[in-house]
Every structure is written in C-alpha cells, then in structure tokens.
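Data from data13.txt: compact mmCIF, C-alpha atoms
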# COMPACT_ATOMS: atom_id res chain seq x y z
CA MET V 1 -9.99 15.11 -3.16
CA GLU V 2 -10.39 11.59 -4.50
CA LYS V 3 -9.49 8.81 -2.07
CA ILE V 4 -6.07 7.22 -2.43
CA LYS V 5 -6.42 3.61 -3.50
CA VAL V 6 -4.36 1.12 -1.50
CA LYS V 7 -4.26 -2.41 -2.86
CA LEU V 8 -2.83 -5.04 -0.50
CA CYS V 9 -1.63 -8.45 -1.61
CA ALA V 10 -2.96 -11.15 0.72
CA GLY V 11 -1.41 -14.10 -1.11
CA THR V 12 0.45 -16.79 0.79
CA ALA V 13 3.98 -15.54 0.03
CA CYS V 14 3.13 -11.95 0.95
CA PHE V 15 1.34 -13.12 4.08
CA VAL V 16 4.42 -15.03 5.22
CA MET V 17 6.67 -12.06 4.41
CA GLY V 18 4.73 -9.59 6.56
CA ALA V 19 1.44 -8.62 4.90
CA PRO V 20 -0.50 -8.81 8.20
CA GLN V 21 1.51 -5.84 9.49
CA VAL V 22 0.45 -3.81 6.45
CA GLN V 23 -3.14 -5.07 6.66
CA ALA V 24 -3.35 -3.30 10.01
CA LEU V 25 -4.02 -0.16 7.95
CA GLU V 26 -7.58 -1.38 7.52
CA PHE V 27 -8.27 -1.09 11.24
CA SER V 28 -5.69 1.30 12.63
CA ALA V 29 -4.79 3.86 9.97
CA PRO V 30 -3.40 7.08 11.44
CA GLU V 31 -6.14 9.68 11.90
CA ASP V 32 -4.65 12.11 9.39
CA ILE V 33 -5.04 9.60 6.53
CA ALA V 34 -7.89 7.31 7.64
CA ASP V 35 -10.65 9.13 5.75
CA LYS V 36 -8.48 9.69 2.66
CA ILE V 37 -7.78 6.07 1.73
CA GLU V 38 -9.70 3.22 0.17
CA ILE V 39 -8.18 -0.17 0.99
CA THR V 40 -8.68 -3.32 -1.05
CA GLU V 41 -7.21 -6.74 -0.35
CA VAL V 42 -6.58 -9.08 -3.26
CA ARG V 43 -5.82 -12.78 -3.14
CA CYS V 44 -2.60 -12.43 -5.11
CA MET V 45 -1.13 -9.60 -7.16
CA ASN V 46 1.21 -12.03 -8.96
CA TYR V 47 4.31 -9.83 -8.57
CA CYS V 48 6.24 -12.66 -6.90
CA ASN V 49 5.92 -14.73 -10.08
CA GLN V 50 7.83 -12.16 -12.10
CA GLY V 51 11.27 -13.63 -11.38
CA ARG V 52 13.17 -10.62 -10.14
CA ASN V 53 10.55 -9.83 -7.49
CA TYR V 54 10.33 -13.21 -5.80
CA ASN V 55 11.78 -12.14 -2.44
CA LYS V 56 10.45 -8.58 -2.52
CA GLY V 57 7.06 -9.09 -0.85
CA PRO V 58 4.81 -8.12 0.65
CA PHE V 59 3.53 -6.08 -2.27
CA VAL V 60 1.24 -3.06 -2.03
CA GLU V 61 0.05 -0.66 -4.69
CA VAL V 62 -0.71 2.92 -3.71
CA ASN V 63 -2.59 4.65 -6.53
CA GLY V 64 -1.07 2.10 -8.89
CA GLU V 65 2.52 2.63 -7.72
CA LEU V 66 4.15 -0.58 -6.51
CA ILE V 67 5.80 -0.75 -3.11
CA GLU V 68 8.04 -3.78 -2.68
CA GLU V 69 8.98 -5.10 0.76
CA ALA V 70 6.08 -3.04 2.05
CA THR V 71 5.77 -2.17 5.69
CA PHE V 72 3.09 -0.24 7.54
CA GLU V 73 5.49 2.71 7.78
CA LYS V 74 6.45 2.67 4.08
CA VAL V 75 2.82 2.60 2.98
CA VAL V 76 1.78 5.38 5.37
CA ALA V 77 4.74 7.50 4.20
CA LYS V 78 3.72 7.02 0.55
CA ILE V 79 0.11 7.95 1.31
CA ARG V 80 1.21 11.10 3.16
CA GLU V 81 3.51 11.98 0.26
CA LEU V 82 0.60 11.75 -2.19
CA ILE V 83 -1.69 13.78 0.09
CA ALA V 84 0.96 16.51 0.42
CA LYS V 85 1.48 16.56 -3.34
CA GLU V 86 -2.27 16.89 -3.92
CA GLU V 87 -2.53 19.69 -1.37
CA ASN V 88 0.42 21.58 -2.95
CA GLU V 89 -1.15 21.30 -6.40
CA GLN V 90 -4.37 22.86 -5.08
CA CYS V 91 -2.53 25.93 -3.75
Take the structure I supplied and represent it as structure tokens, if you would.
Amino acid sequence: MEKIKVKLCAGTACFVMGAPQVQALEFSAPEDIADKIEITEVRCMNYCNQGRNYNKGPFVEVNGELIEEATFEKVVAKIRELIAKEENEQC
C-alpha cells in the first residue's frame, strides 16, 4: 500500500487558526496510521487567498483532497477512511 500523503499548511493564517494542533500528527500520530502516512509541511497553500475560503483554515490536503477548518480529529478520520477504502478494494 502506498503511503497516504498529508500536506499541512504552515502559513501565518493557518497557524493562527489552529495548524499547530494538526501538526501534532508529525510526532503523535495514532499507531494504526503512523506508518501509513507521509507528512509534508508547506509555507502556504494559498487557499485563504481564494476569497470564499478566507476563514476556513487551517487547510490540509490528504491525498490531494482538501480539508477546510482542519483539526487533528478530522485529518485522522479522513486518513482512516482512505485506509479502510484501500483495504476493502484489496478484498
């Protein structure tokens, strides 16, 4: 199984809106997903400059799918959803 790519926005707006909580994934990912994810932090993903998304940070992409108002729990749930989907497709 290919690792799930998690891209975290570490820009100023996302940082202020809660990105540090999501960044905790880098150091304290739940054991069931820790070895199945690849985490990358980027300076800014530029989603907040797209008008409608201004107050929707922090932003995280999980395998290219955008999560607005991301929290640790939302990101972990999305990762588990993708893992379950992958496992069901292999059956």
To box region 67-83 of chain V, take all atoms listed in the file, fit an axis-aligned box, add 3 Å on each side, and give centre and edge lengths in Å to one decimal, as AutoDock Vina command-line options.
--center_x 3.6 --center_y 4.3 --center_z 2.3 --size_x 16.7 --size_y 24.9 --size_z 16.9
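Among the candidates V:Glu89, V:Glu68, V:Glu81, V:Glu2, the residue lying nearest to Ile37 (chain V) is V:Glu2 (atoms considered: all atoms listed in the file).
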Which residues, written as a compact mmCIF listing (two decimals) with C-alpha atoms, keeping the file's coordinate frame, have at least one atom at most 10 Å from region 18-23 of chain V, with all atoms listed in the file counted and residues fewer than 3 positions away on the same chain left out?
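Result file part.txt:
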# COMPACT_ATOMS: atom_id res chain seq x y z
CA LYS V 7 -4.26 -2.41 -2.86
CA LEU V 8 -2.83 -5.04 -0.50
CA CYS V 9 -1.63 -8.45 -1.61
CA ALA V 10 -2.96 -11.15 0.72
CA GLY V 11 -1.41 -14.10 -1.11
CA THR V 12 0.45 -16.79 0.79
CA ALA V 13 3.98 -15.54 0.03
CA CYS V 14 3.13 -11.95 0.95
CA PHE V 15 1.34 -13.12 4.08
CA GLU V 26 -7.58 -1.38 7.52
CA PHE V 27 -8.27 -1.09 11.24
CA SER V 28 -5.69 1.30 12.63
CA ALA V 29 -4.79 3.86 9.97
CA ILE V 39 -8.18 -0.17 0.99
CA THR V 40 -8.68 -3.32 -1.05
CA GLU V 41 -7.21 -6.74 -0.35
CA GLY V 57 7.06 -9.09 -0.85
CA PRO V 58 4.81 -8.12 0.65
CA PHE V 59 3.53 -6.08 -2.27
CA VAL V 60 1.24 -3.06 -2.03
CA GLU V 69 8.98 -5.10 0.76
CA ALA V 70 6.08 -3.04 2.05
CA THR V 71 5.77 -2.17 5.69
CA PHE V 72 3.09 -0.24 7.54
CA GLU V 73 5.49 2.71 7.78
CA LYS V 74 6.45 2.67 4.08
CA VAL V 75 2.82 2.60 2.98
CA VAL V 76 1.78 5.38 5.37
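What separates CA of Ala84 (chain V) from CA of Lys3 (chain V) is a distance of 13.2 Å.
With only C-alpha atoms as the atoms that count, the minimum distance from Lys78 (chain V) to the choices V:Leu66, V:Ala34, V:Val42, V:Ala24 is reached by V:Leu66.
Proximity ranking of V:Gln50, V:Asp35, V:Glu87, V:Leu82 relative to Gly64 (chain V) places V:Leu82 first, based on only C-alpha atoms.
Straight-line separation from CA of Lys36 (chain V) to CA of Val16 (chain V): 28.0 Å.
What separates CA of Lys56 (chain V) from CA of Lys5 (chain V) is a distance of 20.8 Å.
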| Which of V:Glu86, V:Glu38, V:Asn55, V:Cys44 sits closest to Met1 (chain V) [using only C-alpha atoms] | V:Glu86
Since the input lacks atoms, please generate N, CA, C and O atoms for region 28-51 of chain V and provide them as a CSV table (one decimal), in the coordinates of the input.
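Saved to result_37.csv:
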chain,number,residue,atom,x,y,z
V,28,SER,N,-6.4,0.3,11.8
V,28,SER,CA,-5.7,1.3,12.6
V,28,SER,C,-4.9,2.3,11.8
V,28,SER,O,-3.7,2.6,12.2
V,29,ALA,N,-5.5,2.8,10.8
V,29,ALA,CA,-4.8,3.9,10.0
V,29,ALA,C,-4.7,5.1,10.8
V,29,ALA,O,-5.6,5.5,11.6
V,30,PRO,N,-3.5,5.8,10.7
V,30,PRO,CA,-3.4,7.1,11.4
V,30,PRO,C,-4.6,8.0,11.1
V,30,PRO,O,-5.0,8.1,10.0
V,31,GLU,N,-5.0,8.8,12.1
V,31,GLU,CA,-6.1,9.7,11.9
V,31,GLU,C,-6.0,10.6,10.7
V,31,GLU,O,-7.0,10.9,10.1
V,32,ASP,N,-4.8,11.1,10.5
V,32,ASP,CA,-4.6,12.1,9.4
V,32,ASP,C,-4.8,11.5,8.0
V,32,ASP,O,-5.0,12.3,7.0
V,33,ILE,N,-4.8,10.2,7.9
V,33,ILE,CA,-5.0,9.6,6.5
V,33,ILE,C,-6.3,8.7,6.5
V,33,ILE,O,-6.7,8.3,5.4
V,34,ALA,N,-6.8,8.3,7.6
V,34,ALA,CA,-7.9,7.3,7.6
V,34,ALA,C,-9.1,7.6,6.7
V,34,ALA,O,-9.5,6.7,6.0
V,35,ASP,N,-9.5,8.8,6.6
V,35,ASP,CA,-10.6,9.1,5.8
V,35,ASP,C,-10.3,9.5,4.3
V,35,ASP,O,-11.1,9.8,3.5
V,36,LYS,N,-9.0,9.3,4.0
V,36,LYS,CA,-8.5,9.7,2.7
V,36,LYS,C,-8.0,8.5,1.8
V,36,LYS,O,-7.5,8.6,0.7
V,37,ILE,N,-8.2,7.3,2.4
V,37,ILE,CA,-7.8,6.1,1.7
V,37,ILE,C,-8.9,5.1,1.5
V,37,ILE,O,-9.9,5.0,2.3
V,38,GLU,N,-8.8,4.3,0.5
V,38,GLU,CA,-9.7,3.2,0.2
V,38,GLU,C,-8.8,2.0,0.0
V,38,GLU,O,-8.0,1.9,-0.8
V,39,ILE,N,-9.0,1.0,0.9
V,39,ILE,CA,-8.2,-0.2,1.0
V,39,ILE,C,-8.9,-1.4,0.4
V,39,ILE,O,-10.1,-1.6,0.7
V,40,THR,N,-8.2,-2.1,-0.5
V,40,THR,CA,-8.7,-3.3,-1.0
V,40,THR,C,-7.6,-4.4,-0.9
V,40,THR,O,-6.4,-4.2,-1.1
V,41,GLU,N,-8.1,-5.6,-0.4
V,41,GLU,CA,-7.2,-6.7,-0.4
V,41,GLU,C,-7.5,-7.6,-1.5
V,41,GLU,O,-8.6,-7.8,-1.9
V,42,VAL,N,-6.4,-8.1,-2.2
V,42,VAL,CA,-6.6,-9.1,-3.3
V,42,VAL,C,-5.9,-10.4,-2.9
V,42,VAL,O,-4.9,-10.4,-2.2
V,43,ARG,N,-6.4,-11.5,-3.4
V,43,ARG,CA,-5.8,-12.8,-3.1
V,43,ARG,C,-4.3,-12.9,-3.5
V,43,ARG,O,-3.6,-13.4,-2.7
V,44,CYS,N,-4.0,-12.4,-4.7
V,44,CYS,CA,-2.6,-12.4,-5.1
V,44,CYS,C,-2.4,-11.4,-6.2
V,44,CYS,O,-3.2,-11.3,-7.1
V,45,MET,N,-1.4,-10.6,-6.1
V,45,MET,CA,-1.1,-9.6,-7.2
V,45,MET,C,-0.2,-10.1,-8.2
V,45,MET,O,0.1,-9.5,-9.2
V,46,ASN,N,0.4,-11.3,-8.0
V,46,ASN,CA,1.2,-12.0,-9.0
V,46,ASN,C,2.6,-11.4,-9.2
V,46,ASN,O,3.3,-11.7,-10.2
V,47,TYR,N,3.0,-10.4,-8.4
V,47,TYR,CA,4.3,-9.8,-8.6
V,47,TYR,C,5.4,-10.8,-8.2
V,47,TYR,O,6.5,-10.8,-8.8
V,48,CYS,N,5.2,-11.7,-7.3
V,48,CYS,CA,6.2,-12.7,-6.9
V,48,CYS,C,6.6,-13.7,-8.0
V,48,CYS,O,7.6,-14.3,-8.0
V,49,ASN,N,5.7,-13.8,-9.0
V,49,ASN,CA,5.9,-14.7,-10.1
V,49,ASN,C,6.7,-14.1,-11.2
V,49,ASN,O,6.8,-14.7,-12.3
V,50,GLN,N,7.1,-12.9,-11.0
V,50,GLN,CA,7.8,-12.2,-12.1
V,50,GLN,C,9.3,-12.2,-11.9
V,50,GLN,O,10.1,-11.3,-12.3
V,51,GLY,N,9.8,-13.4,-11.5
V,51,GLY,CA,11.3,-13.6,-11.4
V,51,GLY,C,12.0,-12.7,-10.5
V,51,GLY,O,12.4,-13.1,-9.3
